[in-house]
Structure formats: structure tokens, C-alpha cells
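A quick write-up on the structure given underneath.
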Amino acid sequence: FFLQLHERPFALLLKPPHEFLSTPEPLLKKTKAALYGSFNLGELRSSIKAAAGGAMDEAAQHAAQFELMAKFGTLLWIERSASVGRDCVLEPTTCPPAIWEAIDADASLTKHIQLWNSQTIRNIAGNVSRFADDVEAAIGP
């Protein structure tokens, strides 16, 4: 309904975009969208497979996903799971050695990662140090 009301709609897709599977193509064509992929596209592919009676292989699911994505006038697809996995980490036991070699070869990237990690640890440490006081404030002594 929203797409019908506006001449140049923008869709911010932060959840699985199931409803767009049945949206008429002319409405999608006039829509600009930004899509956060990862889990959302995995769920979309599961819905596509279920709608096909469960008899759709992975390649066909991806083809249907990309067919839908191509119907938008413009679509910005933001994806991180392919680079850092579902938990958004580079895991030493599963990350290909070439990734670590590329990071090690880039001094500025390595420094950025170290600063990011240091700041993250400081923030978490601050939260942990206040935890007992926060619990007491919430539920009493």
C-alpha cells in the first residue's frame, strides 16, 4: 500500500522482505531500497523454497532472490556475513589464512583493528564494572 501512495518510495529493508515476493513489478521498479542481507536473505530464500513446495535447490533459491532484487528501481545491498560470518567475527579456526595474511600486510588496517578491539574491550569492561550496581538499582538490595 505504501508503494502505491508515493511517487518515489524508499524501502529500508531490515527484516526478511517476504511481502515483496507478491508486490507487482511496476511498484518495485519505482522503489529505491536499501537491504540488510545476511539473515534476512537466508529467511527469504527459505520462504521461496517453502512456496515452491520445498523442492527448490540452493542455486534456484538464489536465482529467485536475485530476480526479486533486480525488480527494484535501485537497490543497495548491505552484506557482511560473507566476509565475517553470522557472528561478525574473524575466527582463527575457520578463516582462510589468506585473510590473515592480507590483514597482516596492511599496517593501517591492522592498527584500525587493534584500536577497534581496544575500544570495544574498554566499553565492555566499563559495563561489566557497573553491572552489580545496575542490578541492585533495578531489583533492590
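In the C-alpha cells, chains take letters A, B, ... by order of appearance, with residues numbered from 1 within each chain and ligands from 1 in the order shown.
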
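With only C-alpha atoms taken into account, the protein and nucleic acid residues at most 8 Å from region 44-59 of chain A (excluding it and anything under 3 positions from it in its own chain) are Pro16, Pro17, His18, Asn40, Leu41, His62, Ala63, Ala64 and Gln65 of chain A.
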
Next on the checklist: To test your reading of the structure, identify every residue in region 13-126 of chain A that backbone DSSP assigns to helix (DSSP H, G or I), and report it as a count of residues only.
Outcome noted: 69

What are the nearest atom pairs, with distances in Å to one decimal, for all residues of region 61-138 of chain A that come at most 7 Å from region 24-32 of chain A, using only C-alpha atoms, set out by chain and rising residue number as a tab-separated table?
```
residue	atom	partner	partner_atom	distance
A:Lys71	CA	A:Lys29	CA	5.6
A:Phe72	CA	A:Lys29	CA	4.6
A:Gly73	CA	A:Lys29	CA	4.2
A:Thr74	CA	A:Lys32	CA	4.7
A:Leu75	CA	A:Lys32	CA	5.9
```

Just the selected residues (all heavy atoms), exported as a PDB file, in the first residue's frame, please.
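Output file again.pdb follows:
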```
ATOM      1  N   LYS A  71      14.210  -6.396  -9.520  1.00  0.00           N
ATOM      2  CA  LYS A  71      12.965  -5.697  -9.844  1.00  0.00           C
ATOM      3  C   LYS A  71      12.891  -4.290  -9.259  1.00  0.00           C
ATOM      4  O   LYS A  71      12.114  -3.474  -9.725  1.00  0.00           O
ATOM      5  CB  LYS A  71      11.757  -6.521  -9.382  1.00  0.00           C
ATOM      6  CG  LYS A  71      11.557  -7.792 -10.192  1.00  0.00           C
ATOM      7  CD  LYS A  71      10.385  -8.592  -9.668  1.00  0.00           C
ATOM      8  CE  LYS A  71      10.213  -9.880 -10.466  1.00  0.00           C
ATOM      9  NZ  LYS A  71       9.110 -10.689  -9.935  1.00  0.00           N
ATOM     10  N   PHE A  72      13.706  -4.016  -8.227  1.00  0.00           N
ATOM     11  CA  PHE A  72      13.712  -2.675  -7.635  1.00  0.00           C
ATOM     12  C   PHE A  72      14.362  -1.697  -8.605  1.00  0.00           C
ATOM     13  O   PHE A  72      15.301  -2.048  -9.325  1.00  0.00           O
ATOM     14  CB  PHE A  72      14.468  -2.672  -6.309  1.00  0.00           C
ATOM     15  CG  PHE A  72      13.712  -3.299  -5.184  1.00  0.00           C
ATOM     16  CD1 PHE A  72      13.829  -4.651  -4.915  1.00  0.00           C
ATOM     17  CD2 PHE A  72      12.860  -2.530  -4.391  1.00  0.00           C
ATOM     18  CE1 PHE A  72      13.120  -5.239  -3.872  1.00  0.00           C
ATOM     19  CE2 PHE A  72      12.153  -3.102  -3.347  1.00  0.00           C
ATOM     20  CZ  PHE A  72      12.280  -4.453  -3.096  1.00  0.00           C
ATOM     21  N   GLY A  73      13.881  -0.449  -8.574  1.00  0.00           N
ATOM     22  CA  GLY A  73      14.487   0.580  -9.415  1.00  0.00           C
ATOM     23  C   GLY A  73      15.961   0.741  -9.081  1.00  0.00           C
ATOM     24  O   GLY A  73      16.820   0.798  -9.957  1.00  0.00           O
ATOM     25  N   THR A  74      16.258   0.796  -7.798  1.00  0.00           N
ATOM     26  CA  THR A  74      17.621   0.852  -7.279  1.00  0.00           C
ATOM     27  C   THR A  74      17.630   0.079  -5.971  1.00  0.00           C
ATOM     28  O   THR A  74      16.698   0.191  -5.174  1.00  0.00           O
ATOM     29  CB  THR A  74      18.054   2.311  -7.000  1.00  0.00           C
ATOM     30  OG1 THR A  74      17.963   3.066  -8.201  1.00  0.00           O
ATOM     31  CG2 THR A  74      19.476   2.374  -6.472  1.00  0.00           C
ATOM     32  N   LEU A  75      18.675  -0.714  -5.765  1.00  0.00           N
ATOM     33  CA  LEU A  75      18.776  -1.474  -4.527  1.00  0.00           C
ATOM     34  C   LEU A  75      20.219  -1.447  -4.036  1.00  0.00           C
ATOM     35  O   LEU A  75      21.136  -1.823  -4.761  1.00  0.00           O
ATOM     36  CB  LEU A  75      18.353  -2.929  -4.743  1.00  0.00           C
ATOM     37  CG  LEU A  75      18.485  -3.834  -3.510  1.00  0.00           C
ATOM     38  CD1 LEU A  75      17.445  -3.484  -2.462  1.00  0.00           C
ATOM     39  CD2 LEU A  75      18.371  -5.290  -3.900  1.00  0.00           C
TER      40      LEU A  75
END
```

Item to check | d(CA of Gln61 (chain A), CA of Leu76 (chain A)) in Å | outcome: 19.9 Å

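Closest to Glu19 (chain A) among A:Leu68, A:Ile124, A:Ala34, A:Cys95 is A:Leu68, based on only C-alpha atoms.
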
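Here the residues within region 8-141 of chain A that DSSP labels strand (DSSP E or B) on the basis of the backbone are Phe10, Ala11, Leu12, Leu13, Lys32, Ala33, Ala34, Leu35, Tyr36, Thr74, Leu75, Leu76, Trp77 and Ile78 of chain A.
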
Output N, CA and C atoms of each residue in that selection to a file, as an mmCIF file, in the first residue's frame.
```cif
data_model
loop_
_atom_site.group_PDB
_atom_site.id
_atom_site.type_symbol
_atom_site.label_atom_id
_atom_site.label_comp_id
_atom_site.auth_asym_id
_atom_site.auth_seq_id
_atom_site.Cartn_x
_atom_site.Cartn_y
_atom_site.Cartn_z
ATOM 1 N N PHE A 10 10.893 4.942 -0.874
ATOM 2 C CA PHE A 10 12.149 4.354 -0.415
ATOM 3 C C PHE A 10 11.809 3.286 0.606
ATOM 4 N N ALA A 11 12.357 2.107 0.421
ATOM 5 C CA ALA A 11 12.113 0.998 1.350
ATOM 6 C C ALA A 11 13.418 0.654 2.060
ATOM 7 N N LEU A 12 13.403 0.709 3.374
ATOM 8 C CA LEU A 12 14.540 0.302 4.189
ATOM 9 C C LEU A 12 14.208 -1.085 4.721
ATOM 10 N N LEU A 13 14.870 -2.085 4.182
ATOM 11 C CA LEU A 13 14.523 -3.480 4.460
ATOM 12 C C LEU A 13 15.447 -4.048 5.538
ATOM 13 N N LYS A 32 13.201 2.798 -4.626
ATOM 14 C CA LYS A 32 14.610 2.712 -4.244
ATOM 15 C C LYS A 32 14.632 2.032 -2.881
ATOM 16 N N ALA A 33 15.617 1.153 -2.683
ATOM 17 C CA ALA A 33 15.632 0.387 -1.442
ATOM 18 C C ALA A 33 17.054 0.155 -0.952
ATOM 19 N N ALA A 34 17.176 -0.040 0.349
ATOM 20 C CA ALA A 34 18.411 -0.497 0.985
ATOM 21 C C ALA A 34 18.044 -1.762 1.753
ATOM 22 N N LEU A 35 18.813 -2.809 1.534
ATOM 23 C CA LEU A 35 18.515 -4.116 2.104
ATOM 24 C C LEU A 35 19.685 -4.590 2.944
ATOM 25 N N TYR A 36 19.412 -4.917 4.214
ATOM 26 C CA TYR A 36 20.412 -5.572 5.040
ATOM 27 C C TYR A 36 20.239 -7.063 4.808
ATOM 28 N N THR A 74 16.258 0.796 -7.798
ATOM 29 C CA THR A 74 17.621 0.852 -7.279
ATOM 30 C C THR A 74 17.630 0.079 -5.971
ATOM 31 N N LEU A 75 18.675 -0.714 -5.765
ATOM 32 C CA LEU A 75 18.776 -1.474 -4.527
ATOM 33 C C LEU A 75 20.219 -1.447 -4.036
ATOM 34 N N LEU A 76 20.401 -0.982 -2.815
ATOM 35 C CA LEU A 76 21.686 -1.057 -2.137
ATOM 36 C C LEU A 76 21.619 -2.262 -1.213
ATOM 37 N N TRP A 77 22.503 -3.226 -1.458
ATOM 38 C CA TRP A 77 22.518 -4.458 -0.683
ATOM 39 C C TRP A 77 23.714 -4.405 0.270
ATOM 40 N N ILE A 78 23.443 -4.433 1.557
ATOM 41 C CA ILE A 78 24.490 -4.401 2.573
ATOM 42 C C ILE A 78 24.627 -5.809 3.119
#
```

Item to check | Gap from CA of Met69 (chain A) to CA of Gly37 (chain A) - Å, one decimal | outcome: 11.0 Å

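Relative to CA of Leu21 (chain A), CA of Phe2 (chain A) is found at 15.3 Å.
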